[in-house]
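Student: Provided herewith: data_6.cif, mmCIF, N, CA and C atoms.
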data_protein
#
loop_
_atom_site.label_atom_id
_atom_site.label_comp_id
_atom_site.auth_asym_id
_atom_site.auth_seq_id
_atom_site.Cartn_x
_atom_site.Cartn_y
_atom_site.Cartn_z
N THR A 161 6.88 -81.41 -158.64
CA THR A 161 6.10 -80.25 -159.04
C THR A 161 6.49 -79.83 -160.46
N MET A 162 5.67 -78.97 -161.01
CA MET A 162 5.93 -78.51 -162.37
C MET A 162 7.23 -77.71 -162.44
N THR A 163 7.49 -76.89 -161.41
CA THR A 163 8.72 -76.09 -161.39
C THR A 163 9.94 -76.99 -161.34
N ASN A 164 9.90 -78.03 -160.51
CA ASN A 164 11.02 -78.97 -160.44
C ASN A 164 11.26 -79.62 -161.79
N ALA A 165 10.19 -80.03 -162.46
CA ALA A 165 10.32 -80.68 -163.77
C ALA A 165 10.91 -79.71 -164.79
N ALA A 166 10.44 -78.47 -164.78
CA ALA A 166 10.96 -77.47 -165.72
C ALA A 166 12.44 -77.22 -165.47
N ASN A 167 12.82 -77.11 -164.21
CA ASN A 167 14.22 -76.86 -163.88
C ASN A 167 15.10 -78.05 -164.26
N ALA A 168 14.58 -79.25 -164.05
CA ALA A 168 15.35 -80.45 -164.37
C ALA A 168 15.61 -80.57 -165.87
N HIS A 169 14.68 -80.05 -166.69
CA HIS A 169 14.82 -80.16 -168.14
C HIS A 169 15.39 -78.90 -168.79
N ALA A 170 15.69 -77.88 -167.98
CA ALA A 170 16.28 -76.65 -168.51
C ALA A 170 17.69 -76.94 -169.00
N SER A 171 18.14 -76.13 -169.95
CA SER A 171 19.52 -76.24 -170.44
C SER A 171 20.43 -75.41 -169.55
N TRP A 172 21.53 -75.99 -169.17
CA TRP A 172 22.49 -75.34 -168.29
C TRP A 172 23.86 -75.30 -168.96
N LEU A 173 24.64 -74.29 -168.62
CA LEU A 173 26.00 -74.12 -169.09
C LEU A 173 26.92 -74.14 -167.88
N MET A 174 27.97 -74.97 -167.91
CA MET A 174 28.92 -74.97 -166.82
C MET A 174 30.08 -74.04 -167.16
N VAL A 175 30.49 -73.26 -166.17
CA VAL A 175 31.63 -72.35 -166.30
C VAL A 175 32.67 -72.81 -165.29
N ILE A 176 33.90 -72.96 -165.77
CA ILE A 176 34.99 -73.36 -164.87
C ILE A 176 36.20 -72.49 -165.19
N SER A 177 36.75 -71.88 -164.16
CA SER A 177 37.86 -70.95 -164.36
C SER A 177 39.13 -71.66 -164.80
N CYS A 178 39.99 -70.92 -165.46
CA CYS A 178 41.25 -71.50 -165.95
C CYS A 178 42.23 -71.74 -164.82
N ASP A 179 42.01 -71.13 -163.65
CA ASP A 179 42.91 -71.37 -162.52
C ASP A 179 42.29 -72.37 -161.55
N SER A 180 41.77 -73.45 -162.11
CA SER A 180 41.17 -74.51 -161.32
C SER A 180 41.61 -75.86 -161.88
N VAL A 181 41.95 -76.76 -160.99
CA VAL A 181 42.25 -78.12 -161.41
C VAL A 181 41.20 -79.10 -160.89
N ILE A 182 40.04 -78.57 -160.50
CA ILE A 182 38.90 -79.43 -160.14
C ILE A 182 38.44 -80.11 -161.42
N ALA A 183 38.25 -81.41 -161.36
CA ALA A 183 37.80 -82.14 -162.55
C ALA A 183 36.41 -81.64 -162.95
N ALA A 184 36.27 -81.30 -164.22
CA ALA A 184 35.00 -80.75 -164.72
C ALA A 184 33.83 -81.69 -164.44
N THR A 185 34.04 -82.99 -164.60
CA THR A 185 32.95 -83.94 -164.35
C THR A 185 32.55 -83.95 -162.88
N ASP A 186 33.52 -83.82 -161.98
CA ASP A 186 33.20 -83.77 -160.55
C ASP A 186 32.44 -82.50 -160.20
N LEU A 187 32.87 -81.38 -160.77
CA LEU A 187 32.18 -80.11 -160.52
C LEU A 187 30.75 -80.19 -161.03
N TRP A 188 30.56 -80.69 -162.25
CA TRP A 188 29.23 -80.82 -162.83
C TRP A 188 28.34 -81.68 -161.94
N GLN A 189 28.84 -82.83 -161.51
CA GLN A 189 28.03 -83.73 -160.69
C GLN A 189 27.61 -83.07 -159.39
N LYS A 190 28.53 -82.37 -158.75
CA LYS A 190 28.21 -81.71 -157.49
C LYS A 190 27.15 -80.62 -157.69
N LEU A 191 27.36 -79.75 -158.68
CA LEU A 191 26.46 -78.61 -158.86
C LEU A 191 25.10 -79.02 -159.40
N GLN A 192 25.06 -79.91 -160.37
CA GLN A 192 23.78 -80.27 -160.98
C GLN A 192 22.88 -80.99 -159.98
N SER A 193 23.45 -81.59 -158.95
CA SER A 193 22.61 -82.27 -157.96
C SER A 193 21.77 -81.28 -157.15
N TYR A 194 22.08 -79.99 -157.23
CA TYR A 194 21.32 -78.96 -156.51
C TYR A 194 20.19 -78.36 -157.35
N ARG A 195 20.07 -78.75 -158.61
CA ARG A 195 19.05 -78.15 -159.48
C ARG A 195 17.64 -78.36 -158.94
N ALA A 196 17.35 -79.54 -158.43
CA ALA A 196 16.00 -79.81 -157.92
C ALA A 196 15.67 -78.96 -156.70
N GLN A 197 16.67 -78.66 -155.87
CA GLN A 197 16.46 -77.83 -154.68
C GLN A 197 16.37 -76.35 -155.03
N ALA A 198 16.98 -75.97 -156.13
CA ALA A 198 17.11 -74.55 -156.49
C ALA A 198 16.16 -74.19 -157.62
N THR A 199 14.90 -74.55 -157.48
CA THR A 199 13.95 -74.35 -158.58
C THR A 199 13.75 -72.89 -158.94
N ASP A 200 13.96 -71.99 -157.99
CA ASP A 200 13.78 -70.56 -158.26
C ASP A 200 15.12 -69.87 -158.52
N ARG A 201 16.17 -70.64 -158.74
CA ARG A 201 17.50 -70.08 -158.97
C ARG A 201 17.98 -70.42 -160.36
N SER A 202 18.73 -69.51 -160.95
CA SER A 202 19.23 -69.70 -162.31
C SER A 202 20.74 -69.88 -162.37
N VAL A 203 21.39 -69.69 -161.23
CA VAL A 203 22.84 -69.86 -161.13
C VAL A 203 23.11 -70.71 -159.90
N ILE A 204 23.97 -71.69 -160.05
CA ILE A 204 24.40 -72.52 -158.93
C ILE A 204 25.92 -72.50 -158.97
N CYS A 205 26.54 -71.97 -157.91
CA CYS A 205 28.00 -71.89 -157.91
C CYS A 205 28.57 -72.18 -156.54
N LEU A 206 29.87 -72.47 -156.54
CA LEU A 206 30.55 -72.77 -155.29
C LEU A 206 30.73 -71.52 -154.45
N THR A 207 30.83 -71.73 -153.15
CA THR A 207 31.08 -70.66 -152.22
C THR A 207 31.95 -71.18 -151.08
N ASP A 208 32.70 -70.27 -150.48
CA ASP A 208 33.39 -70.62 -149.24
C ASP A 208 32.81 -69.72 -148.16
N ASP A 209 33.50 -69.57 -147.06
CA ASP A 209 32.96 -68.76 -145.96
C ASP A 209 32.85 -67.28 -146.29
N GLN A 210 33.55 -66.83 -147.35
CA GLN A 210 33.60 -65.40 -147.63
C GLN A 210 33.15 -65.00 -149.02
N HIS A 211 33.29 -65.89 -150.01
CA HIS A 211 33.09 -65.47 -151.40
C HIS A 211 32.27 -66.48 -152.19
N LEU A 212 31.54 -65.94 -153.17
CA LEU A 212 30.97 -66.77 -154.22
C LEU A 212 32.03 -66.94 -155.29
N TYR A 213 31.98 -68.06 -155.99
CA TYR A 213 32.89 -68.32 -157.09
C TYR A 213 32.07 -68.49 -158.37
N PRO A 214 31.70 -67.38 -159.02
CA PRO A 214 30.84 -67.47 -160.20
C PRO A 214 31.49 -68.18 -161.38
N LEU A 215 32.82 -68.32 -161.35
CA LEU A 215 33.50 -69.03 -162.43
C LEU A 215 33.67 -70.52 -162.12
N LEU A 216 32.98 -70.97 -161.10
CA LEU A 216 32.87 -72.39 -160.78
C LEU A 216 31.38 -72.65 -160.55
N GLY A 217 30.64 -72.62 -161.64
CA GLY A 217 29.19 -72.72 -161.50
C GLY A 217 28.50 -73.20 -162.75
N ILE A 218 27.19 -73.36 -162.60
CA ILE A 218 26.34 -73.67 -163.75
C ILE A 218 25.27 -72.60 -163.85
N TYR A 219 24.92 -72.28 -165.09
CA TYR A 219 24.00 -71.18 -165.40
C TYR A 219 22.90 -71.68 -166.32
N ARG A 220 21.66 -71.36 -165.96
CA ARG A 220 20.56 -71.67 -166.88
C ARG A 220 20.69 -70.78 -168.11
N LEU A 221 20.54 -71.38 -169.27
CA LEU A 221 20.69 -70.60 -170.50
C LEU A 221 19.60 -69.56 -170.68
N ASP A 222 18.46 -69.75 -170.02
CA ASP A 222 17.37 -68.79 -170.21
C ASP A 222 17.59 -67.46 -169.47
N ILE A 223 18.74 -67.28 -168.80
CA ILE A 223 19.04 -65.97 -168.22
C ILE A 223 19.63 -65.02 -169.26
N GLU A 224 19.91 -65.53 -170.44
CA GLU A 224 20.57 -64.72 -171.48
C GLU A 224 19.88 -63.39 -171.76
N PRO A 225 18.55 -63.33 -171.93
CA PRO A 225 17.93 -62.01 -172.20
C PRO A 225 18.13 -61.02 -171.05
N ASP A 226 18.01 -61.50 -169.81
CA ASP A 226 18.21 -60.61 -168.66
C ASP A 226 19.67 -60.16 -168.56
N LEU A 227 20.59 -61.07 -168.82
CA LEU A 227 22.01 -60.72 -168.77
C LEU A 227 22.36 -59.73 -169.88
N LYS A 228 21.82 -59.94 -171.06
CA LYS A 228 22.06 -59.02 -172.18
C LYS A 228 21.54 -57.63 -171.83
N HIS A 229 20.33 -57.55 -171.28
CA HIS A 229 19.74 -56.27 -170.87
C HIS A 229 20.63 -55.59 -169.82
N TYR A 230 21.09 -56.36 -168.85
CA TYR A 230 21.96 -55.86 -167.79
C TYR A 230 23.23 -55.24 -168.38
N ILE A 231 23.87 -55.98 -169.28
CA ILE A 231 25.11 -55.50 -169.91
C ILE A 231 24.84 -54.32 -170.84
N ASP A 232 23.76 -54.40 -171.62
CA ASP A 232 23.41 -53.30 -172.53
C ASP A 232 23.14 -52.00 -171.79
N ASN A 233 22.76 -52.10 -170.52
CA ASN A 233 22.52 -50.92 -169.70
C ASN A 233 23.78 -50.46 -168.96
N GLY A 234 24.94 -50.97 -169.40
CA GLY A 234 26.21 -50.50 -168.86
C GLY A 234 26.68 -51.19 -167.59
N GLN A 235 25.95 -52.17 -167.15
CA GLN A 235 26.33 -52.87 -165.93
C GLN A 235 27.42 -53.90 -166.23
N ARG A 236 28.36 -54.06 -165.31
CA ARG A 236 29.45 -55.01 -165.53
C ARG A 236 29.72 -55.89 -164.31
N GLN A 237 29.08 -55.62 -163.20
CA GLN A 237 29.38 -56.36 -161.97
C GLN A 237 28.61 -57.68 -161.94
N VAL A 238 29.37 -58.76 -162.15
CA VAL A 238 28.77 -60.10 -162.20
C VAL A 238 28.04 -60.41 -160.89
N MET A 239 28.66 -60.10 -159.78
CA MET A 239 28.07 -60.44 -158.48
C MET A 239 26.72 -59.76 -158.28
N ARG A 240 26.61 -58.52 -158.70
CA ARG A 240 25.34 -57.80 -158.56
C ARG A 240 24.25 -58.48 -159.39
N PHE A 241 24.61 -58.99 -160.55
CA PHE A 241 23.65 -59.66 -161.41
C PHE A 241 23.23 -61.01 -160.83
N ILE A 242 24.18 -61.78 -160.32
CA ILE A 242 23.82 -63.15 -159.90
C ILE A 242 23.29 -63.26 -158.48
N LYS A 243 23.60 -62.32 -157.60
CA LYS A 243 23.18 -62.44 -156.18
C LYS A 243 21.70 -62.80 -156.02
N PRO A 244 20.76 -62.16 -156.72
CA PRO A 244 19.35 -62.50 -156.50
C PRO A 244 18.94 -63.86 -157.08
N ILE A 245 19.76 -64.43 -157.93
CA ILE A 245 19.36 -65.67 -158.62
C ILE A 245 20.29 -66.84 -158.35
N VAL A 246 21.20 -66.69 -157.38
CA VAL A 246 22.21 -67.72 -157.14
C VAL A 246 21.82 -68.68 -156.02
N GLN A 247 22.17 -69.92 -156.21
CA GLN A 247 22.11 -70.95 -155.17
C GLN A 247 23.56 -71.29 -154.84
N PRO A 248 24.06 -70.83 -153.68
CA PRO A 248 25.44 -71.15 -153.34
C PRO A 248 25.56 -72.60 -152.86
N VAL A 249 26.68 -73.22 -153.20
CA VAL A 249 26.98 -74.59 -152.80
C VAL A 249 28.35 -74.57 -152.13
N ALA A 250 28.42 -75.08 -150.91
CA ALA A 250 29.67 -75.04 -150.16
C ALA A 250 30.76 -75.86 -150.86
N PHE A 251 31.95 -75.28 -150.87
CA PHE A 251 33.13 -75.97 -151.39
C PHE A 251 33.31 -77.28 -150.65
N SER A 252 33.66 -78.33 -151.35
CA SER A 252 34.12 -79.55 -150.69
C SER A 252 35.45 -79.21 -150.05
N GLU A 253 35.66 -79.69 -148.86
CA GLU A 253 36.89 -79.35 -148.12
C GLU A 253 38.14 -79.67 -148.94
N ASP A 254 38.14 -80.80 -149.64
CA ASP A 254 39.34 -81.18 -150.39
C ASP A 254 39.48 -80.44 -151.72
N TRP A 255 38.56 -79.56 -152.06
CA TRP A 255 38.66 -78.77 -153.29
C TRP A 255 39.24 -77.38 -153.04
N ARG A 256 39.30 -76.95 -151.80
CA ARG A 256 39.68 -75.57 -151.50
C ARG A 256 41.03 -75.16 -152.09
N LEU A 257 41.99 -76.05 -152.12
CA LEU A 257 43.32 -75.71 -152.63
C LEU A 257 43.46 -75.98 -154.12
N LEU A 258 42.38 -76.40 -154.76
CA LEU A 258 42.45 -76.77 -156.17
C LEU A 258 42.04 -75.65 -157.12
N THR A 259 41.79 -74.49 -156.58
CA THR A 259 41.33 -73.39 -157.43
C THR A 259 41.80 -72.04 -156.89
N ASN A 260 41.69 -71.04 -157.76
CA ASN A 260 41.99 -69.66 -157.40
C ASN A 260 43.44 -69.48 -156.96
N PHE A 261 44.35 -70.06 -157.72
CA PHE A 261 45.76 -69.87 -157.42
C PHE A 261 46.32 -68.78 -158.33
N ASN A 262 47.16 -67.94 -157.73
CA ASN A 262 47.67 -66.77 -158.44
C ASN A 262 49.18 -66.71 -158.50
N THR A 263 49.84 -67.67 -157.89
CA THR A 263 51.30 -67.70 -157.92
C THR A 263 51.76 -69.10 -158.30
N PRO A 264 52.99 -69.23 -158.78
CA PRO A 264 53.50 -70.58 -159.07
C PRO A 264 53.47 -71.50 -157.84
N LYS A 265 53.72 -70.95 -156.67
CA LYS A 265 53.69 -71.74 -155.43
C LYS A 265 52.28 -72.28 -155.16
N GLU A 266 51.26 -71.44 -155.32
CA GLU A 266 49.87 -71.88 -155.12
C GLU A 266 49.50 -72.95 -156.15
N PHE A 267 49.97 -72.78 -157.38
CA PHE A 267 49.72 -73.79 -158.41
C PHE A 267 50.38 -75.11 -158.04
N GLU A 268 51.61 -75.04 -157.55
CA GLU A 268 52.32 -76.25 -157.13
C GLU A 268 51.56 -76.96 -156.00
N CYS A 269 51.07 -76.19 -155.04
CA CYS A 269 50.28 -76.77 -153.93
C CYS A 269 49.01 -77.43 -154.47
N ALA A 270 48.37 -76.80 -155.44
CA ALA A 270 47.16 -77.37 -156.04
C ALA A 270 47.47 -78.70 -156.71
N CYS A 271 48.58 -78.77 -157.42
CA CYS A 271 48.96 -80.02 -158.10
C CYS A 271 49.26 -81.12 -157.10
N ILE A 272 49.94 -80.78 -156.01
CA ILE A 272 50.23 -81.76 -154.96
C ILE A 272 48.93 -82.24 -154.32
N THR A 273 48.04 -81.31 -154.02
CA THR A 273 46.75 -81.67 -153.43
C THR A 273 45.96 -82.57 -154.36
N LEU A 274 45.95 -82.23 -155.64
CA LEU A 274 45.23 -83.04 -156.63
C LEU A 274 45.78 -84.47 -156.67
N ASN A 275 47.09 -84.60 -156.63
CA ASN A 275 47.70 -85.94 -156.64
C ASN A 275 47.37 -86.74 -155.39
N ASP A 276 47.12 -86.05 -154.28
CA ASP A 276 46.81 -86.73 -153.02
C ASP A 276 45.35 -87.17 -152.92
N LEU A 277 44.50 -86.67 -153.80
CA LEU A 277 43.07 -87.03 -153.74
C LEU A 277 42.82 -88.43 -154.24
#
Once you've parsed the file, please lay out its structure as structure tokens.
Tutor:
Amino acid sequence: TMTNAANAHASWLMVISCDSVIAATDLWQKLQSYRAQATDRSVICLTDDQHLYPLLGIYRLDIEPDLKHYIDNGQRQVMRFIKPIVQPVAFSEDWRLLTNFNTPKEFECACITLNDL
């Protein structure tokens, strides 16, 4: 369809948090494969059973005017902005320990897990 073609040719930006050791190429491949299914979505990001991970996602660049308007109007809550336009993608089971670490111990576990993959 025309929408699928437009979405496939849209420019996207990948965002990856600094507390993640998921390989950027692996994350890109996983998320971009959902673009054809998410024709009405402008954000595709990982999710687990409880949370969206907006810092592990891809964003269509054409959301910039809406995001600018949102911020210019004093809004700061990322989740409120992306909820209506997000396509959540389930975390791969072996990626769960590779991100969102907040202590040296969690980082150590992530490094061990990464080496075991």
Student: Measure the distance from atom N of Ile218 of chain A to atom N of Asp232 of chain A in Å and round it to one decimal.
Tutor: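 Interatomic distance, atom N of Ile218 of chain A to atom N of Asp232 of chain A: 21.3 Å.
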Student: Show me, as a tab-separated table, the residues of segment 203-222 of chain A having an atom within 6 Å of segment 235-257 of chain A, each with the closest atom pair and its distance in Å, using all atoms listed in the file.
Tutor:
residue	atom	partner	partner_atom	distance
A:Val203	C	A:Gln247	N	3.9
A:Ile204	CA	A:Gln247	C	4.4
A:Cys205	C	A:Val249	N	4.0
A:Leu206	CA	A:Val249	C	4.3
A:Thr207	N	A:Val249	C	3.9
A:Asp208	N	A:Phe251	N	5.1
Student: Rounded to one decimal place, report the atom CA of Phe261 of chain A-atom CA of Gln192 of chain A distance in Å.
Tutor: 24.6 Å
Student: Write out as a ChimeraX atom specification all residues of segment 178-277 of chain A that DSSP puts in helix (DSSP H, G or I) for this structure's backbone.
Tutor: /A:184-192,221-232,238-245,253-258,264-276
Student: Which is closest to Ser177 of chain A among A:Leu216, A:Leu191, A:Ile231, A:Ala196, if we use all atoms listed in the file?
Tutor: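 Ranked by minimum distance to Ser177 of chain A, first place goes to A:Leu216.
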Student: For the atom pair atom CA of Gln189 of chain A and atom CA of Met174 of chain A, what is the interatomic distance in Å to one decimal place?
Tutor: 10.7 Å
Student: Given only C-alpha atoms as the basis, pick out the residue of A:Arg201, A:Cys271, A:Glu266, A:Leu277 nearest to Val181 of chain A.
Tutor: A:Cys271
Student: Go through A:Leu187, A:Ser171, A:Leu258, A:Ser180 and flag the residue nearest Thr273 of chain A, using only N, CA and C atoms for the distances.
Tutor: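 Among A:Leu187, A:Ser171, A:Leu258, A:Ser180, it is A:Leu258 that comes nearest to Thr273 of chain A.
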Student: With only C-alpha atoms as the atoms that count, which of A:Leu274, A:Leu227, A:Leu221, A:Leu173 lies nearest to Thr259 of chain A?
Tutor: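 Checking each candidate against Thr259 of chain A, we get A:Leu274 as the closest.
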Student: Around all the atoms of segment 198-217 of chain A listed in the file, with 4 Å of room on each side, what axis-aligned box do you get, giving centre and edge lengths in Å to one decimal, as AutoDock Vina command-line options?
Tutor:
--center_x 23.7 --center_y -70.5 --center_z -154.4 --size_x 27.9 --size_y 19.0 --size_z 24.8
Student: Go through A:Asp276, A:Asp186, A:Asp222, A:Glu268 one by one, measure the shortest atom-to-atom distance of each to His169 of chain A using only C-alpha atoms, and give the residue with the smallest value.
Tutor: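 When distances to His169 of chain A are compared using only C-alpha atoms, the smallest one comes from A:Asp222.
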Student: Which of segment 188-263 of chain A end up as strand (DSSP E) when DSSP is run on this backbone - answer as a list in words?
Tutor: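 Checking each residue of segment 188-263 of chain A, the strand (DSSP E) ones are Val203, Ile204, Cys205, Leu206, Thr207, Leu212, Tyr213, Pro214, Leu215, Leu216, Gly217, Ile218, Tyr219, Arg220, Val246, Gln247, Pro248, Val249 and Ala250 of chain A.
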Student: For the residues selected in the previous step, produce a file with N, CA and C atoms as a tab-separated table (two decimals), in the frame of the given file.
Tutor:
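Writing done, so here's result-v6.tsv:
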chain	number	residue	atom	x	y	z
A	203	VAL	N	21.39	-69.69	-161.23
A	203	VAL	CA	22.84	-69.86	-161.13
A	203	VAL	C	23.11	-70.71	-159.90
A	204	ILE	N	23.97	-71.69	-160.05
A	204	ILE	CA	24.40	-72.52	-158.93
A	204	ILE	C	25.92	-72.50	-158.97
A	205	CYS	N	26.54	-71.97	-157.91
A	205	CYS	CA	28.00	-71.89	-157.91
A	205	CYS	C	28.57	-72.18	-156.54
A	206	LEU	N	29.87	-72.47	-156.54
A	206	LEU	CA	30.55	-72.77	-155.29
A	206	LEU	C	30.73	-71.52	-154.45
A	207	THR	N	30.83	-71.73	-153.15
A	207	THR	CA	31.08	-70.66	-152.22
A	207	THR	C	31.95	-71.18	-151.08
A	212	LEU	N	31.54	-65.94	-153.17
A	212	LEU	CA	30.97	-66.77	-154.22
A	212	LEU	C	32.03	-66.94	-155.29
A	213	TYR	N	31.98	-68.06	-155.99
A	213	TYR	CA	32.89	-68.32	-157.09
A	213	TYR	C	32.07	-68.49	-158.37
A	214	PRO	N	31.70	-67.38	-159.02
A	214	PRO	CA	30.84	-67.47	-160.20
A	214	PRO	C	31.49	-68.18	-161.38
A	215	LEU	N	32.82	-68.32	-161.35
A	215	LEU	CA	33.50	-69.03	-162.43
A	215	LEU	C	33.67	-70.52	-162.12
A	216	LEU	N	32.98	-70.97	-161.10
A	216	LEU	CA	32.87	-72.39	-160.78
A	216	LEU	C	31.38	-72.65	-160.55
A	217	GLY	N	30.64	-72.62	-161.64
A	217	GLY	CA	29.19	-72.72	-161.50
A	217	GLY	C	28.50	-73.20	-162.75
A	218	ILE	N	27.19	-73.36	-162.60
A	218	ILE	CA	26.34	-73.67	-163.75
A	218	ILE	C	25.27	-72.60	-163.85
A	219	TYR	N	24.92	-72.28	-165.09
A	219	TYR	CA	24.00	-71.18	-165.40
A	219	TYR	C	22.90	-71.68	-166.32
A	220	ARG	N	21.66	-71.36	-165.96
A	220	ARG	CA	20.56	-71.67	-166.88
A	220	ARG	C	20.69	-70.78	-168.11
A	246	VAL	N	21.20	-66.69	-157.38
A	246	VAL	CA	22.21	-67.72	-157.14
A	246	VAL	C	21.82	-68.68	-156.02
A	247	GLN	N	22.17	-69.92	-156.21
A	247	GLN	CA	22.11	-70.95	-155.17
A	247	GLN	C	23.56	-71.29	-154.84
A	248	PRO	N	24.06	-70.83	-153.68
A	248	PRO	CA	25.44	-71.15	-153.34
A	248	PRO	C	25.56	-72.60	-152.86
A	249	VAL	N	26.68	-73.22	-153.20
A	249	VAL	CA	26.98	-74.59	-152.80
A	249	VAL	C	28.35	-74.57	-152.13
A	250	ALA	N	28.42	-75.08	-150.91
A	250	ALA	CA	29.67	-75.04	-150.16
A	250	ALA	C	30.76	-75.86	-150.86
Student: Taking into account only C-alpha atoms, which residue in the set A:Ala184, A:Asn260, A:Pro225, A:Arg220 is nearest to Ser202 of chain A?
Tutor: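 Distance minimum relative to Ser202 of chain A lands on A:Arg220.
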Student: Got a sec to write segment 225-262 of chain A of the block to a file, C-alpha atoms, as an mmCIF file, in the first residue's frame?
Tutor:
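The resulting decode.cif:
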data_model
loop_
_atom_site.group_PDB
_atom_site.id
_atom_site.type_symbol
_atom_site.label_atom_id
_atom_site.label_comp_id
_atom_site.auth_asym_id
_atom_site.auth_seq_id
_atom_site.Cartn_x
_atom_site.Cartn_y
_atom_site.Cartn_z
ATOM 1 C CA PRO A 225 7.194 19.610 14.461
ATOM 2 C CA ASP A 226 4.749 17.871 16.823
ATOM 3 C CA LEU A 227 7.478 17.233 19.393
ATOM 4 C CA LYS A 228 8.647 20.849 19.188
ATOM 5 C CA HIS A 229 5.058 22.072 19.693
ATOM 6 C CA TYR A 230 4.653 19.690 22.656
ATOM 7 C CA ILE A 231 7.858 20.957 24.310
ATOM 8 C CA ASP A 232 7.157 24.615 23.464
ATOM 9 C CA ASN A 233 3.859 24.234 25.324
ATOM 10 C CA GLY A 234 5.724 23.261 28.489
ATOM 11 C CA GLN A 235 5.250 19.524 28.235
ATOM 12 C CA ARG A 236 8.149 17.309 29.297
ATOM 13 C CA GLN A 237 6.707 13.812 29.751
ATOM 14 C CA VAL A 238 8.131 11.642 26.985
ATOM 15 C CA MET A 239 5.714 8.790 27.659
ATOM 16 C CA ARG A 240 2.671 11.035 27.296
ATOM 17 C CA PHE A 241 3.973 12.212 23.922
ATOM 18 C CA ILE A 242 4.838 8.794 22.503
ATOM 19 C CA LYS A 243 1.973 6.618 23.852
ATOM 20 C CA PRO A 244 -0.454 7.465 20.997
ATOM 21 C CA ILE A 245 2.194 6.959 18.308
ATOM 22 C CA VAL A 246 4.272 4.042 19.631
ATOM 23 C CA GLN A 247 4.564 0.497 18.348
ATOM 24 C CA PRO A 248 5.913 -1.554 21.257
ATOM 25 C CA VAL A 249 8.246 -4.463 20.469
ATOM 26 C CA ALA A 250 8.822 -7.156 23.078
ATOM 27 C CA PHE A 251 12.313 -7.443 24.499
ATOM 28 C CA SER A 252 14.240 -10.461 23.298
ATOM 29 C CA GLU A 253 14.607 -12.698 26.327
ATOM 30 C CA ASP A 254 18.406 -12.635 26.114
ATOM 31 C CA TRP A 255 18.470 -8.806 26.018
ATOM 32 C CA ARG A 256 16.695 -8.211 29.332
ATOM 33 C CA LEU A 257 19.898 -8.087 31.393
ATOM 34 C CA LEU A 258 21.783 -6.016 28.818
ATOM 35 C CA THR A 259 20.172 -2.690 29.607
ATOM 36 C CA ASN A 260 18.902 -0.388 32.334
ATOM 37 C CA PHE A 261 21.605 -1.151 34.861
ATOM 38 C CA ASN A 262 22.064 1.300 37.697
#
